[in-house]
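Q: File input-v7.cif below, mmCIF, C-alpha atoms and all ligand atoms:
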data_work
loop_
_atom_site.label_atom_id
_atom_site.label_comp_id
_atom_site.auth_asym_id
_atom_site.auth_seq_id
_atom_site.Cartn_x
_atom_site.Cartn_y
_atom_site.Cartn_z
CA MET F 1 115.52 139.32 118.74
CA ARG F 2 115.49 141.44 121.86
CA LEU F 3 117.96 141.07 124.75
CA VAL F 4 116.22 140.85 128.13
CA ILE F 5 117.21 140.39 131.77
CA ASP F 6 114.77 138.35 133.85
CA GLU F 7 114.41 140.51 136.95
CA SER F 8 112.92 137.65 138.92
CA ARG F 9 116.25 135.75 138.59
CA CYS F 10 118.97 138.45 138.42
CA LYS F 11 120.86 138.99 141.67
CA GLY F 12 122.79 142.06 140.50
CA CYS F 13 126.29 140.56 140.48
CA ASN F 14 127.28 142.70 137.45
CA LEU F 15 129.30 139.90 135.82
CA CYS F 16 127.50 140.65 132.55
CA THR F 17 128.96 144.16 132.60
CA LEU F 18 132.46 142.65 132.46
CA VAL F 19 132.15 140.46 129.39
CA CYS F 20 130.09 142.25 126.74
CA PRO F 21 132.34 143.49 123.92
CA TYR F 22 129.84 146.29 123.22
CA ARG F 23 129.44 147.26 126.89
CA ILE F 24 125.69 146.92 126.58
CA PHE F 25 125.30 146.14 130.29
CA ARG F 26 125.89 148.98 132.74
CA PRO F 27 125.70 148.67 136.51
CA GLY F 28 122.20 149.70 137.55
CA THR F 29 121.36 152.52 139.90
CA LYS F 30 117.97 151.70 141.41
CA ALA F 31 116.92 148.67 143.43
CA ASN F 32 113.90 146.77 142.10
CA PRO F 33 111.09 145.55 144.41
CA ARG F 34 113.22 142.48 145.29
CA GLY F 35 116.02 144.78 146.46
CA VAL F 36 118.25 143.82 143.53
CA ILE F 37 120.06 146.47 141.49
CA VAL F 38 119.62 145.00 138.02
CA PRO F 39 122.03 146.25 135.32
CA GLU F 40 120.76 148.69 132.73
CA LEU F 41 120.92 147.97 129.02
CA ASP F 42 122.59 150.55 126.81
CA ARG F 43 121.17 150.29 123.26
CA PRO F 44 120.73 146.50 123.42
CA GLU F 45 119.87 146.38 119.71
CA ARG F 46 123.66 146.47 119.11
CA CYS F 47 124.02 142.97 120.57
CA ALA F 48 125.63 140.62 118.05
CA ASN F 49 123.20 137.84 118.88
CA CYS F 50 120.17 140.10 118.42
CA ARG F 51 121.36 141.00 114.95
CA LEU F 52 122.89 137.77 113.69
CA GLN F 53 121.28 134.78 115.37
CA ARG F 54 118.62 134.43 112.69
CA LEU F 55 121.20 134.66 109.90
CA TYR F 56 123.57 132.04 111.34
CA GLY F 57 120.98 129.83 113.00
CA ARG F 58 122.89 129.63 116.27
CA THR F 59 123.79 131.80 119.24
CA ILE F 60 126.43 134.37 118.29
CA CYS F 61 128.72 135.57 121.11
CA GLY F 62 126.40 134.75 124.01
CA MET F 63 129.11 135.53 126.58
CA CYS F 64 126.72 137.38 128.87
CA GLN F 65 124.27 134.47 128.93
CA MET F 66 127.01 131.91 129.59
CA ILE F 67 128.63 133.78 132.46
CA CYS F 68 125.38 134.92 134.15
CA PRO F 69 125.33 132.69 137.24
CA ASP F 70 121.59 133.16 137.61
CA GLN F 71 120.40 132.17 134.14
CA ALA F 72 118.77 135.61 133.87
CA ILE F 73 119.77 136.64 130.34
CA SER F 74 117.90 135.57 127.23
CA TRP F 75 116.59 136.79 123.91
CA GLU F 76 112.96 137.26 123.10
CA GLU F 77 111.27 137.09 119.75
CA GLU F 78 110.06 140.46 118.55
CA GLY F 79 106.91 141.25 116.71
CA PRO F 80 106.98 143.01 113.33
CA CYS F 81 108.47 146.48 113.70
CA GLU F 82 109.58 149.51 111.77
CA PRO F 83 113.04 149.17 110.18
CA MET F 84 115.55 151.13 112.21
CA LYS F 85 119.14 152.14 111.74
CA VAL F 86 121.53 150.60 114.27
CA ALA F 87 124.96 152.15 114.68
CA ILE F 88 127.60 149.56 115.55
CA GLU F 89 131.10 150.48 116.50
CA TYR F 90 133.73 147.89 115.47
CA MET N 1 120.81 127.08 123.38
CA THR N 2 118.04 127.69 125.86
CA PHE N 3 118.95 126.68 129.41
CA ASP N 4 115.34 126.70 130.40
CA GLU N 5 114.87 123.43 128.55
CA TRP N 6 117.21 121.69 130.99
CA LEU N 7 116.41 123.67 134.11
CA ARG N 8 113.71 123.12 136.70
CA VAL N 9 112.56 126.68 136.21
CA ASP N 10 110.10 126.43 139.09
CA ARG N 11 113.13 126.04 141.39
CA LEU N 12 114.80 129.27 140.22
CA PRO N 13 116.28 131.56 141.36
CA HIS N 14 118.66 129.08 142.95
CA ILE N 15 120.05 129.41 146.46
CA TYR N 16 123.54 130.49 145.41
CA CYS N 17 124.79 133.87 146.58
CA ALA N 18 124.91 136.76 144.09
CA GLY N 19 127.83 136.22 141.74
CA CYS N 20 128.60 132.64 142.85
CA GLY N 21 130.56 130.88 140.10
CA ASN N 22 128.65 127.62 140.52
CA GLY N 23 125.79 129.01 138.42
CA THR N 24 128.14 129.65 135.51
CA VAL N 25 129.42 126.06 135.65
CA ILE N 26 125.81 124.82 135.48
CA ASN N 27 125.38 126.89 132.29
CA CYS N 28 128.53 125.46 130.73
CA THR N 29 127.60 121.89 131.66
CA LEU N 30 124.05 122.14 130.32
CA SER N 31 125.33 123.76 127.17
CA ALA N 32 127.82 120.90 126.69
CA VAL N 33 125.18 118.24 127.38
CA ASP N 34 122.83 119.96 124.93
CA GLN N 35 125.53 119.90 122.25
CA MET N 36 125.93 116.14 122.74
CA GLY N 37 122.34 115.76 121.57
CA TRP N 38 121.46 113.41 124.44
CA LYS N 39 117.92 112.81 125.61
CA LYS N 40 116.98 113.83 129.15
CA GLU N 41 116.20 110.23 130.12
CA GLU N 42 119.73 109.11 129.22
CA ILE N 43 121.56 111.29 131.75
CA VAL N 44 121.86 111.13 135.53
CA PHE N 45 123.47 113.91 137.57
CA VAL N 46 125.01 112.85 140.87
CA SER N 47 126.43 115.00 143.66
CA GLY N 48 127.60 114.90 147.26
CA ILE N 49 127.11 117.72 149.76
CA GLY N 50 128.05 121.39 149.49
CA CYS N 51 126.88 124.46 147.61
CA SER N 52 128.31 122.97 144.40
CA SER N 53 126.49 119.72 145.07
CA ARG N 54 123.11 121.47 144.99
CA ALA N 55 123.43 121.81 141.23
CA PRO N 56 121.59 118.60 140.16
CA GLY N 57 118.52 119.83 142.05
CA TYR N 58 118.05 122.53 139.43
CA ILE N 59 118.23 120.20 136.43
CA VAL N 60 115.24 118.34 134.99
CA THR N 61 116.98 114.98 134.48
CA ASP N 62 117.07 112.23 137.09
CA SER N 63 119.58 112.92 139.82
CA LEU N 64 121.01 111.66 143.09
CA HIS N 65 122.00 114.07 145.87
CA THR N 66 124.06 111.73 148.02
CA THR N 67 126.09 111.91 151.22
CA HIS N 68 129.18 114.07 151.69
CA GLY N 69 132.13 112.84 149.62
CA ARG N 70 130.39 109.77 148.22
CA ALA N 71 129.11 111.05 144.88
CA ILE N 72 131.67 109.06 142.86
CA ALA N 73 130.85 105.88 144.78
CA PHE N 74 127.11 106.26 144.05
CA ALA N 75 127.85 107.21 140.44
CA THR N 76 130.02 104.09 140.05
CA GLY N 77 127.06 102.02 141.21
CA ILE N 78 124.72 103.65 138.69
CA LYS N 79 127.15 103.18 135.84
CA MET N 80 127.88 99.52 136.66
CA ALA N 81 124.16 98.73 137.03
CA ASN N 82 123.25 100.39 133.74
CA PRO N 83 126.17 101.24 131.46
CA ASP N 84 123.76 102.82 128.96
CA LEU N 85 123.26 105.80 131.27
CA LYS N 86 125.51 108.84 130.95
CA VAL N 87 126.56 109.73 134.46
CA VAL N 88 127.78 113.22 135.36
CA VAL N 89 129.03 114.10 138.84
CA PHE N 90 128.99 117.62 140.31
CA THR N 91 131.27 117.99 143.29
CA GLY N 92 133.12 120.60 145.34
CA ASP N 93 136.74 120.77 146.40
CA GLY N 94 135.89 119.68 149.95
CA ASP N 95 133.50 116.99 148.79
CA LEU N 96 135.94 115.57 146.25
CA ALA N 97 139.37 116.04 147.76
CA ALA N 98 138.82 116.02 151.53
CA ILE N 99 136.15 113.57 152.71
CA GLY N 100 135.81 111.99 149.25
CA GLY N 101 139.50 111.82 148.41
CA ASN N 102 139.75 108.05 148.29
CA HIS N 103 136.68 107.62 146.08
CA PHE N 104 138.23 110.13 143.71
CA ILE N 105 141.56 108.31 143.49
CA HIS N 106 139.94 104.91 142.97
CA GLY N 107 137.47 106.28 140.45
CA CYS N 108 140.47 107.45 138.42
CA ARG N 109 142.29 104.13 138.94
CA ARG N 110 139.28 102.14 137.77
CA ASN N 111 138.88 104.65 134.98
CA ILE N 112 135.14 104.27 135.36
CA ASP N 113 133.19 105.97 132.57
CA LEU N 114 131.99 109.08 134.43
CA THR N 115 132.33 112.80 133.84
CA VAL N 116 133.28 114.48 137.10
CA ILE N 117 133.03 118.28 137.27
CA CYS N 118 134.59 119.84 140.34
CA MET N 119 133.54 123.38 141.20
CA ASN N 120 136.67 124.33 143.07
CA ASN N 121 136.10 127.50 145.10
CA MET N 122 139.11 126.71 147.31
CA ILE N 123 136.95 126.74 150.42
CA TYR N 124 134.12 124.96 152.26
CA GLY N 125 131.43 127.34 151.04
CA MET N 126 128.31 125.82 152.52
CA THR N 127 129.52 125.48 156.09
CA GLY N 128 130.84 129.01 156.40
CA GLY N 129 134.30 129.21 154.91
CA GLN N 130 136.58 126.62 156.50
CA GLY N 131 139.85 125.84 154.72
CA SER N 132 139.77 122.95 152.24
CA PRO N 133 142.55 120.84 150.69
CA THR N 134 142.70 123.32 147.81
CA THR N 135 142.87 126.52 149.88
CA PRO N 136 146.04 128.22 148.57
CA ARG N 137 148.99 128.75 150.86
CA GLY N 138 148.59 132.07 152.65
CA ALA N 139 144.81 132.32 152.05
CA LEU N 140 142.55 133.31 154.92
CA SER N 141 139.61 131.17 155.99
CA THR N 142 137.79 130.63 159.28
CA THR N 143 140.13 127.73 160.12
CA THR N 144 143.28 129.46 158.84
CA PRO N 145 142.92 132.92 160.41
CA TYR N 146 146.65 133.66 159.99
CA GLY N 147 146.79 132.33 156.43
CA SER N 148 146.98 128.69 155.39
CA SER N 149 150.44 127.22 155.96
CA GLU N 150 149.75 124.08 153.93
CA ALA N 151 150.33 123.38 150.26
CA ALA N 152 147.16 123.06 148.18
CA PHE N 153 146.18 119.91 146.31
CA ASP N 154 146.62 119.95 142.53
CA LEU N 155 143.40 118.10 141.73
CA CYS N 156 144.19 117.71 138.04
CA GLY N 157 147.68 116.42 138.79
CA LEU N 158 146.12 113.89 141.16
CA ALA N 159 143.53 112.72 138.60
CA ALA N 160 146.15 112.38 135.87
CA ALA N 161 148.54 110.47 138.14
CA ALA N 162 145.79 108.14 139.35
CA GLY N 163 144.80 107.17 135.80
CA ALA N 164 141.89 109.33 134.55
CA ASN N 165 141.51 109.26 130.77
CA TYR N 166 140.70 112.94 130.35
CA VAL N 167 141.77 115.82 132.61
CA ALA N 168 141.23 119.55 132.06
CA ARG N 169 141.15 122.74 134.11
CA TYR N 170 139.46 126.07 133.40
CA THR N 171 137.78 128.78 135.42
CA SER N 172 134.34 130.38 135.55
CA TYR N 173 135.78 133.20 133.44
CA HIS N 174 136.70 130.82 130.58
CA VAL N 175 133.13 129.86 129.73
CA LYS N 176 133.63 128.81 126.11
CA GLU N 177 136.74 126.76 126.84
CA LEU N 178 135.11 125.18 129.88
CA THR N 179 132.06 124.19 127.83
CA LEU N 180 134.27 122.60 125.19
CA ALA N 181 136.29 120.74 127.84
CA ILE N 182 133.12 119.36 129.42
CA ARG N 183 131.86 118.31 126.01
CA THR N 184 135.14 116.54 125.30
CA GLY N 185 134.93 114.85 128.69
CA LEU N 186 131.35 113.72 128.04
CA GLY N 187 132.37 112.17 124.74
CA ASN N 188 135.47 110.48 126.11
CA PRO N 189 135.18 106.92 127.45
CA GLY N 190 136.65 106.42 130.92
CA PHE N 191 137.04 108.82 133.82
CA SER N 192 136.85 112.44 132.66
CA PHE N 193 137.80 115.03 135.23
CA ILE N 194 137.13 118.72 134.66
CA GLU N 195 138.16 121.16 137.34
CA ALA N 196 136.42 124.55 137.18
CA LEU N 197 137.87 127.17 139.49
CA VAL N 198 134.96 129.29 140.68
CA GLN N 199 134.53 132.42 142.74
CA CYS N 200 132.90 132.20 146.15
CA PRO N 201 132.45 135.88 146.93
CA THR N 202 130.79 135.16 150.27
CA ASN N 203 133.30 132.89 151.93
CA TYR N 204 136.51 133.16 149.94
CA GLY N 205 136.66 136.49 148.12
CA ARG N 206 135.43 138.49 151.07
CA ARG N 207 138.27 137.28 153.29
CA ASN N 208 140.99 137.40 150.67
CA LYS N 209 141.03 140.96 149.34
CA LEU N 210 138.73 140.00 146.46
CA ARG N 211 135.68 141.73 147.81
CA GLN N 212 133.76 142.31 144.60
CA VAL N 213 132.59 139.41 142.47
CA SER N 214 134.47 140.98 139.58
CA ASP N 215 137.74 140.97 141.57
CA GLN N 216 137.88 137.19 141.57
CA ILE N 217 136.94 137.00 137.88
CA GLU N 218 139.66 139.54 137.06
CA TYR N 219 142.05 137.41 139.12
CA PHE N 220 141.21 134.30 137.10
CA LYS N 221 141.61 136.28 133.92
CA SER N 222 145.01 137.69 134.81
CA HIS N 223 146.43 134.60 136.51
CA ALA N 224 145.48 131.90 134.02
CA ILE N 225 148.20 130.51 131.84
CA LEU N 226 147.65 127.93 129.13
CA ALA N 227 149.34 124.56 129.74
CA GLN N 228 151.24 124.76 126.42
CA LYS N 229 152.61 128.18 127.30
CA ALA N 230 153.63 126.99 130.78
CA GLU N 231 155.42 124.06 129.15
CA ARG N 232 157.27 126.41 126.79
CA MET N 233 158.30 128.63 129.69
CA ARG N 234 159.63 125.61 131.57
CA GLU N 235 161.66 124.55 128.56
CA GLU N 236 163.12 128.02 128.31
CA GLY N 237 164.06 127.80 131.98
CA LYS N 238 161.67 130.61 132.95
CA LYS N 239 160.00 130.46 136.33
CA ILE N 240 156.22 130.28 136.48
CA PRO N 241 154.99 132.30 139.48
CA ASP N 242 153.41 130.10 142.18
CA ASP N 243 150.06 131.84 142.03
CA MET N 244 149.51 131.17 138.33
CA ILE N 245 146.62 128.87 137.39
CA ILE N 246 147.54 126.39 134.68
CA ILE N 247 144.52 125.92 132.43
CA GLY N 248 143.85 123.72 129.44
CA GLU N 249 143.73 120.05 128.62
CA LEU N 250 146.15 118.31 130.98
CA ALA N 251 145.71 114.64 130.06
CA ARG N 252 144.02 112.67 127.32
CA ARG N 253 144.74 109.00 126.82
CA ASN N 254 143.08 105.71 126.15
CA ARG N 255 143.48 103.41 129.15
CA PRO N 256 140.90 100.61 129.31
CA ALA N 257 137.71 101.98 130.84
CA LEU N 258 135.27 100.38 133.26
CA GLY N 259 131.52 100.55 132.74
CA VAL N 260 131.57 100.80 128.95
CA ARG N 261 129.51 98.26 126.94
CA LYS N 262 131.79 96.18 124.80
C1 LIG X 301 129.68 113.42 156.75
C2 LIG X 301 129.58 114.91 156.75
N1 LIG X 301 130.59 115.64 157.26
C3 LIG X 301 130.53 116.98 157.25
C4 LIG X 301 129.45 117.62 156.70
C5 LIG X 301 129.37 119.13 156.72
N2 LIG X 301 129.61 119.72 155.43
C6 LIG X 301 128.61 120.08 154.62
S1 LIG X 301 129.13 120.82 153.19
C7 LIG X 301 130.76 120.66 153.69
C8 LIG X 301 131.88 121.19 152.85
C9 LIG X 301 131.57 121.37 151.43
O1 LIG X 301 132.66 121.93 150.78
P1 LIG X 301 132.80 121.80 149.22
O2 LIG X 301 132.66 120.39 148.82
O3 LIG X 301 134.03 122.51 148.81
O4 LIG X 301 131.49 122.52 148.66
P2 LIG X 301 131.16 124.07 148.47
O5 LIG X 301 130.09 124.38 149.47
O6 LIG X 301 132.40 124.85 148.69
O7 LIG X 301 130.67 124.16 147.08
C10 LIG X 301 130.85 120.04 154.93
C11 LIG X 301 132.13 119.79 155.61
C12 LIG X 301 128.41 116.83 156.16
N3 LIG X 301 127.33 117.37 155.59
N4 LIG X 301 128.50 115.47 156.20
S1 LIG X 302 125.27 138.45 135.27
FE1 LIG X 302 123.10 137.85 135.44
S2 LIG X 302 122.64 137.91 137.65
FE2 LIG X 302 124.55 139.05 137.34
S3 LIG X 302 123.87 141.19 137.08
FE3 LIG X 302 124.03 140.32 135.02
S4 LIG X 302 121.95 139.56 134.58
FE4 LIG X 302 122.06 139.91 136.78
S1 LIG X 303 125.54 138.21 123.38
FE1 LIG X 303 127.55 139.21 123.38
S2 LIG X 303 127.19 141.16 122.32
FE2 LIG X 303 125.19 140.38 122.94
S3 LIG X 303 124.81 141.34 124.90
FE3 LIG X 303 125.72 139.35 125.29
S4 LIG X 303 127.91 139.75 125.52
FE4 LIG X 303 127.00 141.55 124.52
S1 LIG X 304 128.81 130.34 149.98
FE1 LIG X 304 130.16 130.56 148.23
S2 LIG X 304 129.93 128.63 147.08
FE2 LIG X 304 128.19 128.79 148.48
S3 LIG X 304 126.56 129.78 147.27
FE3 LIG X 304 127.64 131.40 148.38
S4 LIG X 304 129.19 132.12 146.95
FE4 LIG X 304 128.50 130.12 146.20
MG MG X 305 134.30 124.33 148.03
#
Take the structure in the file and write it out as structure tokens.

A:
Amino acid sequence: MRLVIDESRCKGCNLCTLVCPYRIFRPGTKANPRGVIVPELDRPERCANCRLQRLYGRTICGMCQMICPDQAISWEEEGPCEPMKVAIEY
Amino acid sequence: MTFDEWLRVDRLPHIYCAGCGNGTVINCTLSAVDQMGWKKEEIVFVSGIGCSSRAPGYIVTDSLHTTHGRAIAFATGIKMANPDLKVVVFTGDGDLAAIGGNHFIHGCRRNIDLTVICMNNMIYGMTGGQGSPTTPRGALSTTTPYGSSEAAFDLCGLAAAAGANYVARYTSYHVKELTLAIRTGLGNPGFSFIEALVQCPTNYGRRNKLRQVSDQIEYFKSHAILAQKAERMREEGKKIPDDMIIIGELARRNRPALGVRK
């Protein structure tokens, strides 16, 4: 699964940057064509839900999605890809 | 869960300001409804007037956007006409406690089987930031330019005293707890009242030294105290500061409910 922010919905409130235990969301720096400064994602593959949703069959953590007032955060299915090592700090 | 299943995605992004807590309460409510496993045709969302009351317009189920303060009256009508429907009311602090105050009290007294979710931003958001019955003492608004000199309404205390079967309070920071409280309210026969304190960065935060959206969320985080802990402190004779927000389940009982099929 891949964590994505829907830029057509995000209003740049930065609430997601407050709640992620891995600090994946960082306040953005550049306004998009709608004039919204969308947060940047720092190594989103560390997200607990990206890694574990399949295994547990339900949303894991999901704090960013719940608090996002603009329903802008979701997870996309990914196509087949090369295995990759993900470093996770506990 | 996927919100998009319950949302009228063609209506998004919604009209709420950036960082408005109402959007978070919509997430929690839809998540709770989804967990109940109800079909979309079984639920009706009802609201009055205000920013908070725009919420049903973004949800795919049937809904009624009624007149200011009258959401509970309309919802009572729906429930009495067809008790098989699950009726959920979205309301604001002004809508519920000012112009709609009497409907609220009598809804609780009748213990009519509704779930009422109040997005309490402590202000009239939609009309530009006038003081509401829940504006805290000392808070600035356009109608209290020197700070409100009145005491604020304790909406949960009111609901519990008037007879509601289930009463709980959380904030837009406590998303998991709020979702669980709404789910409990949905499953509980009788009047279920869930108060969600929400940030209104535009009309409340901006005037009350909580300029950033995060300031109000940090405030909720640092000023919330669980009902059980508050009770313990009272027993120990400790004083709970006036600005603390008591969160948690505040009433759950089994008074006879109206609008439930026997
Ligand atoms: C009968 C009537 N009186 C007054 C108004 C103006 N009015 C619209 S919204 C509102 C206050 C809403 O406050 P609240 O319920 O707290 O909702 P919020 O916008 O804060 O979510 C008022 C007074 C109205 N629409 N109808
Ligand atoms: S919480 Fe949602 S709307 Fe706010 S910045 Fe993050 S993605 Fe954007
Ligand atoms: S689901 Fe949790 S871990 Fe994943 S990005 Fe959101 S807040 Fe961070
Ligand atoms: S005025 Fe306040 S309550 Fe209304 S949409 Fe803006 S932030 Fe939300
Ligand atoms: Mg209000």

Q: Taking all atoms listed in the file and a cut-off of 7 Å, can you tell me which residues surround ligand LIG 301 (chain X), written as a PyMOL selection string?

A: chain N and resi 49-53+67-68+91-96+119-127+132

Q: Find, counting all atoms listed in the file, the residue in N:Val213, N:Ile112, N:Ala196, N:Glu5 that gets nearest to ligand LIG 302 (chain X).

A: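 Nearest candidate to ligand LIG 302 (chain X) out of N:Val213, N:Ile112, N:Ala196, N:Glu5: N:Val213.
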
Q: What's the 10 Å shell around Pro33 (chain F), counting all atoms listed in the file, without same-chain residues fewer than 4 positions away, as a ChimeraX atom specification?

A: /F:7-8,37

Q: Go ahead and save the picked residues with C-alpha atoms, as a PDB file, in the coordinates of the input.

A:
ATOM      1  CA  GLU F   7     114.410 140.510 136.950  1.00  0.00           C
ATOM      2  CA  SER F   8     112.920 137.650 138.920  1.00  0.00           C
ATOM      3  CA  ILE F  37     120.060 146.470 141.490  1.00  0.00           C
TER       4      ILE F  37
END

Q: Which residues are near region 206-208 of chain N? Cut-off 9 Å, only C-alpha atoms, ignore same chain within fewer than 2 positions. Put them as number ranges by chain.

A: N: 139-142, 200-204, 210-212

Q: Given a cut-off of 9 Å, what residues near ligand LIG 302 (chain X) show up using only C-alpha atoms and all ligand atoms, put as a PDB file with C-alpha atoms, keeping the file's coordinate frame?

A:
ATOM      1  CA  VAL F   4     116.220 140.850 128.130  1.00  0.00           C
ATOM      2  CA  ILE F   5     117.210 140.390 131.770  1.00  0.00           C
ATOM      3  CA  ASP F   6     114.770 138.350 133.850  1.00  0.00           C
ATOM      4  CA  GLU F   7     114.410 140.510 136.950  1.00  0.00           C
ATOM      5  CA  ARG F   9     116.250 135.750 138.590  1.00  0.00           C
ATOM      6  CA  CYS F  10     118.970 138.450 138.420  1.00  0.00           C
ATOM      7  CA  LYS F  11     120.860 138.990 141.670  1.00  0.00           C
ATOM      8  CA  GLY F  12     122.790 142.060 140.500  1.00  0.00           C
ATOM      9  CA  CYS F  13     126.290 140.560 140.480  1.00  0.00           C
ATOM     10  CA  ASN F  14     127.280 142.700 137.450  1.00  0.00           C
ATOM     11  CA  LEU F  15     129.300 139.900 135.820  1.00  0.00           C
ATOM     12  CA  CYS F  16     127.500 140.650 132.550  1.00  0.00           C
ATOM     13  CA  THR F  17     128.960 144.160 132.600  1.00  0.00           C
ATOM     14  CA  LEU F  18     132.460 142.650 132.460  1.00  0.00           C
ATOM     15  CA  PHE F  25     125.300 146.140 130.290  1.00  0.00           C
ATOM     16  CA  PRO F  27     125.700 148.670 136.510  1.00  0.00           C
ATOM     17  CA  GLY F  28     122.200 149.700 137.550  1.00  0.00           C
ATOM     18  CA  VAL F  36     118.250 143.820 143.530  1.00  0.00           C
ATOM     19  CA  ILE F  37     120.060 146.470 141.490  1.00  0.00           C
ATOM     20  CA  VAL F  38     119.620 145.000 138.020  1.00  0.00           C
ATOM     21  CA  PRO F  39     122.030 146.250 135.320  1.00  0.00           C
ATOM     22  CA  CYS F  64     126.720 137.380 128.870  1.00  0.00           C
ATOM     23  CA  GLN F  65     124.270 134.470 128.930  1.00  0.00           C
ATOM     24  CA  MET F  66     127.010 131.910 129.590  1.00  0.00           C
ATOM     25  CA  ILE F  67     128.630 133.780 132.460  1.00  0.00           C
ATOM     26  CA  CYS F  68     125.380 134.920 134.150  1.00  0.00           C
ATOM     27  CA  PRO F  69     125.330 132.690 137.240  1.00  0.00           C
ATOM     28  CA  ASP F  70     121.590 133.160 137.610  1.00  0.00           C
ATOM     29  CA  GLN F  71     120.400 132.170 134.140  1.00  0.00           C
ATOM     30  CA  ALA F  72     118.770 135.610 133.870  1.00  0.00           C
ATOM     31  CA  ILE F  73     119.770 136.640 130.340  1.00  0.00           C
TER      32      ILE F  73
ATOM     33  CA  ALA N  18     124.910 136.760 144.090  1.00  0.00           C
ATOM     34  CA  GLY N  19     127.830 136.220 141.740  1.00  0.00           C
TER      35      GLY N  19
END

Q: Define the interface residues of chain N facing chain F as those within 9 Å, counting all atoms listed in the file, and report them as a ChimeraX atom specification.

A: /N:1-4,12-14,16-28,31,172-176,212-214,217

Q: Any idea what's packed within 9 Å of Tyr22 (chain F), counting all atoms listed in the file, ignoring anything in its chain fewer than 6 positions away? Could you give it as a ChimeraX atom specification?

A: /F:46-48,88-90

Q: Print the selection's residues with C-alpha atoms to a file, as a short mmCIF file (atom, residue, chain, number, x, y, z; two decimals), in the frame of the given file.

A:
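Okay, out-v4.cif is ready:
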data_model
loop_
_atom_site.label_atom_id
_atom_site.label_comp_id
_atom_site.auth_asym_id
_atom_site.auth_seq_id
_atom_site.Cartn_x
_atom_site.Cartn_y
_atom_site.Cartn_z
CA ARG F 46 123.66 146.47 119.11
CA CYS F 47 124.02 142.97 120.57
CA ALA F 48 125.63 140.62 118.05
CA ILE F 88 127.60 149.56 115.55
CA GLU F 89 131.10 150.48 116.50
CA TYR F 90 133.73 147.89 115.47
#

Q: Set the distance at 8 Å and use all atoms listed in the file: which residues neighbour region 38-46 of chain N once local chain neighbours fewer than 3 positions away are removed? I'd like the list as a PyMOL selection string.

A: chain N and resi 33-35+56+60-66+71-72+74-75+84-90

Q: Counting all atoms listed in the file, note down every residue that has an atom within 8 Å of the point (126.3, 99.8, 128.9) (file coordinates), as a list in words.

A: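 Those residues, ordered by chain and then number, are Lys79, Met80, Asn82, Pro83, Asp84, Leu85, Gly259, Val260, Arg261 and Lys262 of chain N.
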
Q: If I wrap all listed atoms of region 36-44 of chain F in a box with edges along x, y and z and add 6 Å on each side, what are its centre and edge lengths in Å to one decimal, as AutoDock Vina command-line options?

A:
--center_x 120.4 --center_y 147.2 --center_z 133.4 --size_x 16.3 --size_y 18.7 --size_z 32.3

Q: Between CA of Lys30 (chain F) and CA of Glu45 (chain F), what is the distance, to one decimal in Å?

A: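 Distance between the two atoms: 22.4 Å.
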
Q: Enter the distance from CA of Gly129 (chain N) to CA of Thr29 (chain N), in Å, rounded to one decimal.

A: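 CA of Thr29 (chain N) lies at a distance of 25.3 Å from CA of Gly129 (chain N).
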
Q: Interatomic distance between CA of Pro21 (chain F) and CA of Trp6 (chain N)?

A: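 Atom-to-atom, CA of Pro21 (chain F) to CA of Trp6 (chain N), that is 27.5 Å.
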
Q: For ligand LIG 303 (chain X), which of F:Met84, F:Met1, F:Gly79, F:Gly57 is the closest residue, counting only C-alpha atoms and all ligand atoms?

A: F:Met1
